[in-house]
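Asker: See data05.txt below, with compact mmCIF, C-alpha atoms.
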# COMPACT_ATOMS: atom_id res chain seq x y z
CA MET A 1 292.33 -286.67 13.61
CA ARG A 2 294.96 -284.38 12.14
CA ARG A 3 295.32 -281.01 13.82
CA LEU A 4 294.57 -277.79 11.99
CA ILE A 5 296.80 -274.98 13.19
CA PRO A 6 294.87 -271.69 13.47
CA LEU A 7 295.31 -269.39 10.52
CA ALA A 8 295.02 -266.50 12.97
CA VAL A 9 298.78 -266.73 13.48
CA PHE A 10 299.00 -264.59 10.32
CA PRO A 11 297.48 -261.24 11.32
CA VAL A 12 299.13 -259.54 8.32
CA ALA A 13 297.11 -261.74 6.01
CA MET A 14 294.02 -262.66 7.99
CA SER A 15 292.55 -260.47 10.66
CA CYS A 16 290.11 -263.03 12.06
CA ALA A 17 290.55 -266.43 10.47
CA SER A 18 288.14 -268.87 12.04
CA GLN A 19 289.10 -272.39 12.88
CA PRO A 20 287.47 -275.43 11.30
CA SER A 21 284.90 -276.90 13.60
CA LYS A 22 285.89 -280.51 14.17
CA PRO A 23 289.67 -280.83 14.45
CA ALA A 24 291.37 -279.83 17.66
CA ALA A 25 293.69 -276.92 17.03
CA SER A 26 296.95 -276.10 18.69
CA PRO A 27 297.31 -272.77 20.51
CA ALA A 28 297.93 -269.76 18.29
CA ILE A 29 301.56 -268.81 17.92
CA SER A 30 302.40 -265.21 18.61
CA SER A 31 303.67 -263.07 15.76
CA SER A 32 305.62 -260.87 18.17
CA PRO A 33 309.43 -260.73 18.04
CA ALA A 34 311.27 -263.96 18.77
CA PRO A 35 312.09 -264.67 22.42
CA ALA A 36 315.65 -264.43 23.63
CA ALA A 37 316.00 -268.14 24.27
CA ALA A 38 316.92 -269.47 20.86
CA GLU A 39 315.99 -273.02 21.76
CA SER A 40 312.32 -272.01 22.24
CA VAL A 41 311.93 -270.82 18.64
CA THR A 42 310.10 -273.54 16.70
CA PRO A 43 310.37 -274.08 12.94
CA LEU A 44 306.71 -273.03 12.67
CA ALA A 45 307.41 -269.75 14.47
CA THR A 46 310.34 -269.08 12.15
CA PHE A 47 308.20 -269.81 9.11
CA THR A 48 305.47 -267.53 10.48
CA ARG A 49 307.87 -264.60 10.85
CA ASP A 50 309.49 -265.10 7.44
CA PHE A 51 306.19 -265.58 5.63
CA GLN A 52 304.71 -262.42 7.09
CA GLN A 53 307.71 -260.40 5.99
CA GLN A 54 307.90 -261.86 2.50
CA SER A 55 304.17 -261.87 1.77
CA ALA A 56 303.33 -258.39 3.09
CA PRO A 57 304.27 -256.44 -0.09
CA LEU A 58 302.65 -259.11 -2.29
CA LEU A 59 299.47 -258.94 -0.26
CA LYS A 60 299.37 -255.15 -0.45
CA ALA A 61 299.76 -255.30 -4.24
CA GLY A 62 297.11 -258.00 -4.63
CA ASN A 63 299.71 -260.39 -6.04
CA TYR A 64 298.12 -263.61 -4.83
CA LEU A 65 299.86 -265.73 -7.45
CA GLY A 66 303.18 -264.54 -6.04
CA ILE A 67 302.05 -265.63 -2.57
CA VAL A 68 300.95 -269.05 -3.80
CA GLN A 69 304.28 -269.53 -5.57
CA LEU A 70 306.13 -268.50 -2.41
CA LEU A 71 304.17 -271.03 -0.37
CA GLU A 72 304.66 -273.78 -2.93
CA ARG A 73 308.42 -273.28 -2.81
CA ASP A 74 308.36 -273.49 0.99
CA ARG A 75 306.11 -276.56 0.91
CA ASP A 76 308.38 -278.43 -1.50
CA ALA A 77 311.62 -277.52 0.28
CA ALA A 78 313.58 -280.31 1.95
CA GLY A 79 313.43 -280.75 5.70
CA VAL A 80 310.12 -279.00 6.40
CA ASP A 81 308.65 -280.26 9.68
CA GLY A 82 305.11 -281.62 9.92
CA ASP A 83 303.43 -278.65 11.65
CA THR A 84 304.96 -276.16 9.23
CA LYS A 85 304.05 -278.24 6.19
CA GLN A 86 300.50 -278.52 7.47
CA MET A 87 300.25 -274.76 7.94
CA ILE A 88 301.63 -274.19 4.44
CA ARG A 89 298.99 -276.53 3.00
CA GLN A 90 296.22 -274.55 4.67
CA LEU A 91 297.61 -271.25 3.44
CA VAL A 92 298.04 -272.62 -0.08
CA GLY A 93 294.43 -273.78 0.05
CA THR A 94 293.18 -270.37 1.15
CA TYR A 95 295.16 -268.35 -1.40
CA ALA A 96 294.42 -270.88 -4.15
CA THR A 97 290.78 -269.77 -4.11
CA PHE A 98 291.95 -266.21 -4.84
CA VAL A 99 293.39 -267.42 -8.17
CA GLY A 100 290.52 -269.72 -9.13
CA GLN A 101 292.04 -273.03 -7.98
CA GLN A 102 289.06 -274.43 -6.12
CA GLN A 103 289.96 -278.10 -6.53
CA GLU A 104 293.46 -277.41 -5.23
CA ALA A 105 291.94 -275.69 -2.20
CA LEU A 106 289.74 -278.70 -1.54
CA GLU A 107 292.76 -281.00 -1.70
CA ALA A 108 294.85 -278.77 0.56
CA PHE A 109 292.20 -278.84 3.28
CA ALA A 110 291.51 -282.58 3.04
CA MET A 111 290.85 -284.06 6.47
CA GLU A 112 291.95 -287.46 7.62
CA HIS A 113 289.37 -290.22 7.82
CA PRO A 114 286.61 -289.37 10.31
CA LYS A 115 285.63 -291.84 12.99
CA PRO A 116 282.87 -294.17 11.75
CA MET A 117 279.50 -292.68 12.64
CA VAL A 118 276.50 -294.83 13.46
CA PHE A 119 273.26 -293.22 12.29
CA ASP A 120 269.71 -294.30 11.56
CA SER A 121 269.67 -294.49 7.77
CA VAL A 122 265.96 -295.40 7.75
CA LYS A 123 265.07 -292.28 9.72
CA LEU A 124 267.39 -290.07 7.68
CA GLY A 125 266.04 -291.56 4.45
CA ARG A 126 262.48 -290.59 5.38
CA LEU A 127 263.30 -286.90 5.47
CA ALA A 128 262.20 -284.97 2.39
CA PRO A 129 264.79 -282.89 0.54
CA GLU A 130 263.89 -279.26 -0.11
CA ASP A 131 265.69 -276.47 -1.95
CA ALA A 132 268.02 -274.93 0.61
CA VAL A 133 267.29 -271.29 -0.24
CA ASP A 134 263.54 -271.87 0.01
CA GLY A 135 263.82 -273.88 3.21
CA VAL A 136 266.06 -271.42 5.04
CA ALA A 137 263.94 -268.47 3.91
CA ARG A 138 260.79 -270.18 5.19
CA LEU A 139 262.27 -270.47 8.69
CA ALA A 140 263.82 -267.00 8.53
CA ALA A 141 260.42 -265.37 8.05
CA ASN A 142 259.78 -265.34 11.81
CA ARG A 143 263.33 -264.53 12.94
CA GLN A 144 265.11 -261.24 13.50
CA ALA A 145 268.58 -262.64 12.87
CA VAL A 146 270.01 -265.33 10.61
CA PHE A 147 273.57 -266.57 11.17
CA LEU A 148 275.18 -268.47 8.29
CA ASN A 149 278.68 -269.90 8.35
CA GLU A 150 281.25 -270.83 5.73
CA ALA A 151 284.40 -272.86 5.28
CA HIS A 152 287.01 -270.28 4.31
CA HIS A 153 288.39 -272.41 1.46
CA MET A 154 284.96 -273.03 -0.13
CA PRO A 155 283.80 -270.19 -2.44
CA ARG A 156 280.70 -272.30 -3.08
CA ASP A 157 279.48 -271.34 0.42
CA ARG A 158 279.61 -267.67 -0.59
CA ALA A 159 277.58 -268.35 -3.73
CA PHE A 160 274.88 -269.91 -1.56
CA ALA A 161 274.92 -266.89 0.74
CA ALA A 162 274.51 -264.59 -2.26
CA ASN A 163 271.62 -266.69 -3.61
CA LEU A 164 269.90 -266.39 -0.23
CA LEU A 165 270.05 -262.58 -0.22
CA PRO A 166 266.99 -261.82 -2.43
CA LYS A 167 264.73 -264.01 -0.27
CA LEU A 168 265.98 -262.40 2.93
CA LYS A 169 265.57 -258.92 1.48
CA ALA A 170 261.95 -259.73 0.61
CA LEU A 171 261.46 -260.76 4.26
CA GLY A 172 262.65 -257.38 5.50
CA PHE A 173 266.29 -258.12 6.24
CA SER A 174 268.33 -255.00 5.56
CA TYR A 175 271.74 -255.45 7.25
CA LEU A 176 274.50 -257.85 6.26
CA ALA A 177 277.19 -258.16 8.95
CA VAL A 178 280.29 -259.84 7.52
CA GLU A 179 283.25 -261.25 9.42
CA THR A 180 286.11 -260.24 7.12
CA LEU A 181 285.23 -256.59 6.52
CA ALA A 182 287.72 -253.97 7.66
CA ASP A 183 286.52 -251.03 9.74
CA ASP A 184 288.59 -248.53 7.77
CA ASP A 185 286.90 -249.15 4.39
CA THR A 186 284.25 -246.58 5.22
CA ALA A 187 283.38 -246.01 1.55
CA LEU A 188 282.29 -249.60 0.88
CA ASN A 189 278.53 -249.02 1.08
CA ARG A 190 278.72 -245.85 -0.98
CA ARG A 191 281.07 -247.37 -3.58
CA GLY A 192 279.05 -250.59 -3.90
CA TYR A 193 281.89 -253.02 -4.54
CA PRO A 194 284.90 -254.36 -2.62
CA ILE A 195 288.50 -253.37 -3.18
CA ARG A 196 291.68 -255.01 -1.90
CA ALA A 197 291.53 -253.02 1.33
CA THR A 198 287.94 -254.08 2.09
CA GLY A 199 289.02 -257.24 3.90
CA PHE A 200 290.98 -260.44 3.50
CA TYR A 201 288.63 -263.23 2.42
CA SER A 202 286.64 -260.67 0.43
CA ASN A 203 289.49 -260.70 -2.13
CA GLU A 204 288.29 -264.10 -3.32
CA PRO A 205 286.15 -263.40 -6.42
CA VAL A 206 282.94 -265.14 -5.32
CA PHE A 207 283.11 -263.41 -1.93
CA GLY A 208 283.52 -260.12 -3.76
CA GLU A 209 280.45 -260.82 -5.84
CA PHE A 210 278.48 -261.76 -2.71
CA LEU A 211 279.14 -258.24 -1.41
CA ARG A 212 278.20 -256.64 -4.75
CA VAL A 213 274.90 -258.53 -4.84
CA ALA A 214 274.15 -257.40 -1.31
CA ARG A 215 274.69 -253.75 -2.16
CA ARG A 216 272.65 -253.99 -5.37
CA LEU A 217 269.77 -255.32 -3.29
CA GLY A 218 270.10 -252.48 -0.80
CA PHE A 219 271.70 -254.28 2.16
CA THR A 220 273.85 -252.16 4.44
CA LEU A 221 277.21 -253.89 4.89
CA VAL A 222 278.50 -253.84 8.47
CA PRO A 223 281.97 -254.89 9.65
CA TYR A 224 282.09 -256.54 13.04
CA GLU A 225 285.62 -257.92 13.47
CA ALA A 226 287.26 -257.60 16.87
CA ALA A 227 290.92 -256.76 17.29
CA THR A 228 293.00 -259.91 17.41
CA GLY A 229 293.46 -261.18 20.92
CA SER A 230 292.12 -263.95 23.11
CA GLN A 231 289.43 -266.30 21.86
CA GLU A 232 287.09 -264.67 24.34
CA ALA A 233 287.72 -261.29 22.69
CA ARG A 234 287.18 -262.80 19.23
CA GLU A 235 283.71 -264.02 20.27
CA GLN A 236 282.49 -261.30 22.64
CA GLY A 237 283.84 -258.42 20.54
CA PRO A 238 281.98 -259.26 17.31
CA ALA A 239 278.71 -259.89 19.16
CA ARG A 240 279.05 -256.52 20.87
CA HIS A 241 279.88 -254.79 17.58
CA ILE A 242 276.74 -256.18 15.91
CA VAL A 243 274.66 -254.84 18.79
CA ASP A 244 276.36 -251.44 18.92
CA ARG A 245 276.56 -250.88 15.17
CA ILE A 246 273.08 -252.09 14.23
CA LEU A 247 270.60 -252.79 17.03
CA ALA A 248 271.55 -249.81 19.17
CA LYS A 249 270.46 -247.57 16.29
CA ASP A 250 267.71 -249.78 14.81
CA PRO A 251 266.31 -252.12 17.50
CA LYS A 252 263.85 -253.82 15.13
CA ALA A 253 266.44 -254.40 12.40
CA LYS A 254 266.53 -257.80 10.72
CA ILE A 255 270.14 -258.91 10.42
CA PHE A 256 271.96 -261.46 8.27
CA VAL A 257 275.29 -262.40 9.89
CA TYR A 258 277.94 -264.19 7.84
CA ALA A 259 280.77 -265.86 9.75
CA GLY A 260 283.33 -268.63 9.66
CA TYR A 261 282.88 -272.13 11.00
CA ASP A 262 281.96 -272.41 14.70
CA HIS A 263 281.38 -268.72 15.43
CA ILE A 264 277.66 -269.43 14.81
CA ASN A 265 277.44 -272.28 17.33
CA GLU A 266 274.58 -271.99 19.82
CA SER A 267 276.15 -274.28 22.44
CA GLY A 268 279.53 -275.50 23.61
CA THR A 269 282.76 -273.53 23.54
CA LEU A 270 285.26 -272.44 20.92
CA GLY A 271 288.83 -272.27 22.17
CA GLY A 272 287.44 -272.15 25.70
CA ALA A 273 285.06 -269.26 24.95
CA LYS A 274 281.35 -269.09 24.26
CA PRO A 275 280.89 -268.65 20.48
CA MET A 276 279.72 -265.37 19.01
CA ALA A 277 276.14 -266.56 18.39
CA MET A 278 275.75 -267.48 22.06
CA ARG A 279 277.16 -264.11 23.11
CA PHE A 280 274.76 -262.35 20.72
CA ARG A 281 271.78 -264.15 22.23
CA GLU A 282 272.92 -263.28 25.77
CA LEU A 283 273.35 -259.60 24.85
CA THR A 284 270.06 -259.20 22.96
CA GLY A 285 267.65 -261.96 23.93
CA ILE A 286 267.32 -262.64 20.19
CA ASP A 287 267.46 -266.31 19.20
CA PRO A 288 269.16 -266.38 15.79
CA LEU A 289 268.41 -268.95 13.12
CA THR A 290 271.78 -270.68 12.80
CA VAL A 291 272.52 -272.30 9.45
CA ASP A 292 275.58 -274.51 8.98
CA GLN A 293 277.10 -275.44 5.62
CA THR A 294 280.44 -276.84 6.83
CA THR A 295 279.51 -280.19 8.41
CA LEU A 296 278.03 -282.22 5.57
CA THR A 297 280.24 -281.25 2.68
CA GLU A 298 282.40 -282.82 0.01
CA GLN A 299 286.05 -283.65 0.50
CA ALA A 300 288.77 -284.12 -2.09
CA ASP A 301 288.71 -287.82 -1.16
CA THR A 302 285.16 -289.15 -0.69
CA THR A 303 286.35 -291.57 2.01
CA TYR A 304 287.08 -288.51 4.17
CA GLU A 305 283.44 -287.40 4.03
CA ASP A 306 280.91 -287.71 6.83
CA SER A 307 279.11 -291.05 6.44
CA ARG A 308 275.73 -289.29 6.47
CA TYR A 309 276.88 -287.13 3.57
CA ARG A 310 277.95 -290.17 1.54
CA TYR A 311 274.57 -291.79 2.24
CA LEU A 312 272.66 -288.69 1.14
CA MET A 313 274.73 -288.30 -2.02
CA LYS A 314 273.61 -291.78 -3.07
CA ARG A 315 269.98 -291.15 -2.19
CA VAL A 316 269.29 -287.52 -3.18
CA ARG A 317 269.66 -286.65 -6.86
CA ARG A 318 270.04 -282.89 -6.81
CA GLN A 319 272.60 -280.53 -8.30
CA SER A 320 271.78 -277.55 -6.08
CA PRO A 321 272.05 -277.16 -2.28
CA PHE A 322 269.28 -278.77 -0.27
CA VAL A 323 268.00 -279.15 3.27
CA LEU A 324 266.00 -281.98 4.82
CA ARG A 325 262.49 -281.28 5.99
CA THR A 326 261.20 -282.79 9.21
CA GLY A 327 257.61 -281.68 9.74
CA ASP A 328 257.48 -277.89 9.74
CA SER A 329 261.14 -277.64 10.66
CA LEU A 330 264.46 -278.58 9.07
CA TRP A 331 267.00 -281.22 10.03
CA SER A 332 270.31 -280.42 11.68
CA ALA A 333 273.38 -282.62 11.65
CA ARG A 334 274.35 -281.04 14.98
CA PRO A 335 271.09 -280.46 16.89
CA GLY A 336 271.46 -277.99 19.71
CA VAL A 337 274.48 -276.47 17.98
CA HIS A 338 272.87 -275.36 14.71
CA ASP A 339 269.22 -275.09 13.70
CA VAL A 340 269.70 -276.16 10.09
CA THR A 341 272.24 -278.03 7.99
CA VAL A 342 272.65 -277.10 4.34
CA ILE A 343 273.93 -279.93 2.16
CA HIS A 344 275.89 -279.10 -0.98
CA PRO A 345 276.11 -281.80 -3.65
CA ARG A 346 279.56 -282.71 -4.89
CA ALA A 347 280.75 -280.32 -7.58
CA VAL A 348 280.78 -281.53 -11.17
CA SER A 349 283.57 -280.19 -13.36
CA ARG A 350 282.78 -278.34 -16.58
CA ALA A 351 285.94 -277.29 -18.42
CA PHE A 352 287.79 -277.65 -15.08
CA ARG A 353 285.37 -275.22 -13.37
CA PRO A 354 282.68 -276.29 -10.86
CA ASN A 355 279.09 -276.52 -12.05
CA TRP A 356 277.80 -274.38 -9.17
CA LEU A 357 279.80 -271.43 -10.52
CA TYR A 358 277.92 -271.56 -13.84
CA ALA A 359 274.61 -271.58 -11.96
CA PHE A 360 275.60 -268.59 -9.82
CA GLU A 361 274.08 -265.46 -11.45
CA ASN A 362 273.41 -267.47 -14.63
CA ARG A 363 277.04 -267.10 -15.68
CA LYS A 364 278.42 -267.71 -19.15
CA ALA A 365 281.62 -269.41 -20.28
CA TYR A 366 284.30 -267.25 -21.89
CA LEU A 367 287.27 -269.09 -23.39
CA LEU A 368 290.62 -267.35 -22.95
CA SER A 369 293.05 -267.26 -25.82
CA ASP A 370 296.21 -269.37 -25.76
CA GLU A 371 298.28 -266.17 -25.98
CA ILE A 372 296.65 -264.43 -22.99
CA CYS A 373 299.83 -264.76 -20.89
CA GLY A 374 302.27 -264.10 -23.72
CA MET A 375 304.78 -266.49 -25.20
CA SER A 376 307.25 -266.80 -22.31
CA ALA A 377 305.17 -266.97 -19.12
CA LEU A 378 304.87 -270.52 -17.75
CA ASP A 379 302.67 -269.55 -14.81
CA CYS A 380 300.28 -266.60 -14.72
CA VAL A 381 296.99 -265.46 -13.25
CA VAL A 382 294.21 -263.92 -15.35
CA THR A 383 291.58 -261.73 -13.72
CA ALA A 384 288.32 -260.19 -14.94
CA ARG A 385 287.10 -257.05 -13.19
CA ASN A 386 284.11 -254.92 -13.98
CA ALA A 387 285.15 -252.25 -16.48
CA ASP A 388 283.38 -249.50 -14.52
CA GLU A 389 285.18 -250.30 -11.26
CA SER A 390 288.55 -249.08 -10.04
CA PRO A 391 291.78 -251.00 -10.79
CA ASP A 392 291.99 -252.24 -7.19
CA ALA A 393 288.47 -253.73 -7.29
CA VAL A 394 288.11 -257.41 -6.41
CA PRO A 395 287.80 -259.34 -9.70
CA VAL A 396 284.61 -261.16 -10.64
CA ASP A 397 286.64 -264.19 -11.71
CA ALA A 398 290.29 -265.22 -11.58
CA LEU A 399 292.14 -268.16 -13.06
CA ARG A 400 295.67 -269.46 -12.70
CA LEU A 401 297.15 -270.79 -15.94
CA GLN A 402 300.16 -273.12 -15.76
CA PHE A 403 301.98 -274.31 -18.84
CA SER A 404 303.10 -277.49 -17.08
CA ALA A 405 299.72 -278.53 -15.68
CA PRO A 406 296.32 -279.23 -17.25
CA GLY A 407 293.63 -276.80 -16.25
CA SER A 408 290.87 -274.53 -17.35
CA LYS A 409 291.16 -271.64 -19.75
CA THR A 410 287.51 -270.76 -19.26
CA PHE A 411 286.24 -267.76 -17.37
CA VAL A 412 282.73 -268.08 -15.94
CA LEU A 413 281.18 -264.61 -15.85
CA PRO A 414 277.80 -262.91 -15.53
CA PRO A 415 276.81 -260.69 -18.44
CA GLY A 416 278.74 -257.42 -18.44
CA ARG A 417 281.83 -255.57 -19.62
CA TYR A 418 285.17 -256.61 -18.17
CA VAL A 419 288.82 -255.68 -18.17
CA ILE A 420 290.84 -258.89 -18.44
CA ASP A 421 294.43 -258.66 -17.20
CA ALA A 422 297.16 -261.29 -17.06
CA HIS A 423 300.06 -261.06 -14.58
CA ASP A 424 302.99 -263.29 -13.74
CA GLY A 425 304.15 -264.19 -10.24
CA ALA A 426 306.33 -261.08 -10.08
CA GLY A 427 303.26 -258.91 -10.65
CA THR A 428 304.27 -257.92 -14.19
CA LEU A 429 301.35 -257.11 -16.49
CA LEU A 430 301.52 -259.49 -19.46
CA SER A 431 298.41 -258.45 -21.37
CA THR A 432 295.17 -256.54 -21.01
CA GLN A 433 291.96 -256.38 -22.99
CA THR A 434 288.32 -255.40 -22.60
CA VAL A 435 285.54 -257.87 -23.42
CA THR A 436 281.76 -257.91 -23.23
CA ILE A 437 279.78 -260.95 -22.11
CA PRO A 438 276.32 -260.71 -23.70
CA ALA A 439 273.17 -261.46 -21.76
CA ARG A 440 272.32 -264.27 -24.16
Could you rewrite the structure in this file as C-alpha cells?
Answerer:
Amino acid sequence: MRRLIPLAVFPVAMSCASQPSKPAASPAISSSPAPAAAESVTPLATFTRDFQQQSAPLLKAGNYLGIVQLLERDRDAAGVDGDTKQMIRQLVGTYATFVGQQQEALEAFAMEHPKPMVFDSVKLGRLAPEDAVDGVARLAANRQAVFLNEAHHMPRDRAFAANLLPKLKALGFSYLAVETLADDDTALNRRGYPIRATGFYSNEPVFGEFLRVARRLGFTLVPYEAATGSQEAREQGPARHIVDRILAKDPKAKIFVYAGYDHINESGTLGGAKPMAMRFRELTGIDPLTVDQTTLTEQADTTYEDSRYRYLMKRVRRQSPFVLRTGDSLWSARPGVHDVTVIHPRAVSRAFRPNWLYAFENRKAYLLSDEICGMSALDCVVTARNADESPDAVPVDALRLQFSAPGSKTFVLPPGRYVIDAHDGAGTLLSTQTVTIPAR
C-alpha cells in the first residue's frame, strides 16, 4: 500500500496533524535547519523548508487559494520525486477543503487498492441499519466520554459531529475537547465563533460551523493539543490535558472528544506509542465510547474502497450516515479498536456540491453571479462569513471558481446575513457584497 508521509512535518501549517490509520507512514522529517552534510538533504526536506517559508505569510493572511496555487505549481513542476509529489498531493487535498473543493480533496487522498478482505456477507447482511446519530447517542447515554474521529480531508465528518451535538447535550455532555484548537485563542468561548488564529483545521468552513454549533448549544470548547515532539508526547500530552483542563476541575463532567484518525484507538500502537484514548483510560479509569468514521468510507475511485463498504452501499439504501445494530450494541469494523463504526453513504452531487452539505443545518442554495470575481480573474475564491462576525472569522462557506474548469457557482448556506467576498490568489479583494438567506 502506498505510504502517507505525516503532515506533521509542517508545524507552521499544522500543529498536530494525525496520520491516516491504515497506511504505514515514514518517519517525520525535522523542520530544523538543514544539516551540514549536503548529501543528506533529501528533495522532500528541501521542499518542506521552502514550502514553510513561502506559505507562512499566506497562511497568516488566510490566503488559502494562494497556498493551493503554490502547491499546484510545485506538483506540476518537472522532476519532482515520488515522496515529494505524494506530500504535495496530501497538502493540496487538505487546503482544497478550505476553498470548497471537496471532490478534489477526495481525489488527492485516494488510496491504492486495498488487499482483498474476506468477510461473512450473510452475517453482515443480517445487521439492521440505524440512523448514526440516534445509535451513537443511545450508547452514549451511559458513558462519561465519547471519542469521535475524523479524516482531516473530509468535512463531511465534521458535519456529522455537529449533528451529534444536540443529542449529546441533552444527555448532559457539556465539554467539547477538540484536537486542532490553539491554547492562545483564550477568547473563543466568549466570542462564540472561530477566527483564523483559533486553529488550523478549524479554518475549513464546516469545521468552523461545528464549533459555532457547539457554542450555541452551550458546550465549553477545550483545546488539548500537545507541543509537537515524539509520538509518545503527542498521545500522552493530549490525554493529560483533557484530564487537567476538565476532569481535575469537574470530575463528573461528560466529555465529547474530537480527534483525528487513530488517536481514538483503544488498542495497539500509533507510531510506537499507545494512542490517546488508551492513555486517557489509563489516567482516569473511564472507558470512552470510541466512534470511528474513517474506516468504511467512500474513495474517489470505488475500487479503492473497503469491500465491506462496497457491499453495504449495494444493500443499504440510505442518504444519511448509519450504523449497524447487533442486539443492544452496534457493529464495529475494527472490534477491540473502536466500539462503533459510522458508515457514510457516497456523496451525491447537486450543482457540484455534496448532498450532505445541503442537509447540514437545512442549508439553502445561493447562486453566485458570473461577475462575482470581476472580468479579469481566471481563478478566485469566494467566501461567505456571518455579517455580525469579525473580518478574520472562519467563513460559513467557501468556493473556488476557475474560469478554465467546470465547477459550482452555488453557495450552500444556512439562513442568515452574510458578507460575500471574492479574492484572487494574490489576496486582492475583487468584490464584496452583503446578502440575506431567508429561512424559507
Asker: At what distance in Å, to one decimal, does CA of Val337 (chain A) lie from CA of Ala140 (chain A)?
Answerer: 17.1 Å
Asker: A:Phe200, A:Phe360, A:Phe47, A:Phe352: which is nearest Gln101 (chain A), counting all atoms listed in the file?
Answerer: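 Answer, going by the shortest atom-to-atom distance: A:Phe352.
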Asker: Which residues are near Ala398 (chain A)? Cut-off 8 Å, all atoms listed in the file, ignore same chain within fewer than 6 positions. Put them as a list in words.
Answerer: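 Listing them by chain and then by number gives Phe98, Val99, Gly100, Pro205, Val381, Val382, Thr383, Ala384 and Phe411 of chain A.
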Asker: From the list A:Leu378, A:Met87, A:Val323, A:Ala96, which residue is nearest Leu296 (chain A) when using all atoms listed in the file?
Answerer: A:Val323
Asker: Given only C-alpha atoms as the basis, pick out the residue of A:Thr180, A:Thr326, A:Ser40, A:Thr220 nearest to Gly192 (chain A).
Answerer: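 Comparing A:Thr180, A:Thr326, A:Ser40, A:Thr220 against Gly192 (chain A), the winner is A:Thr220.
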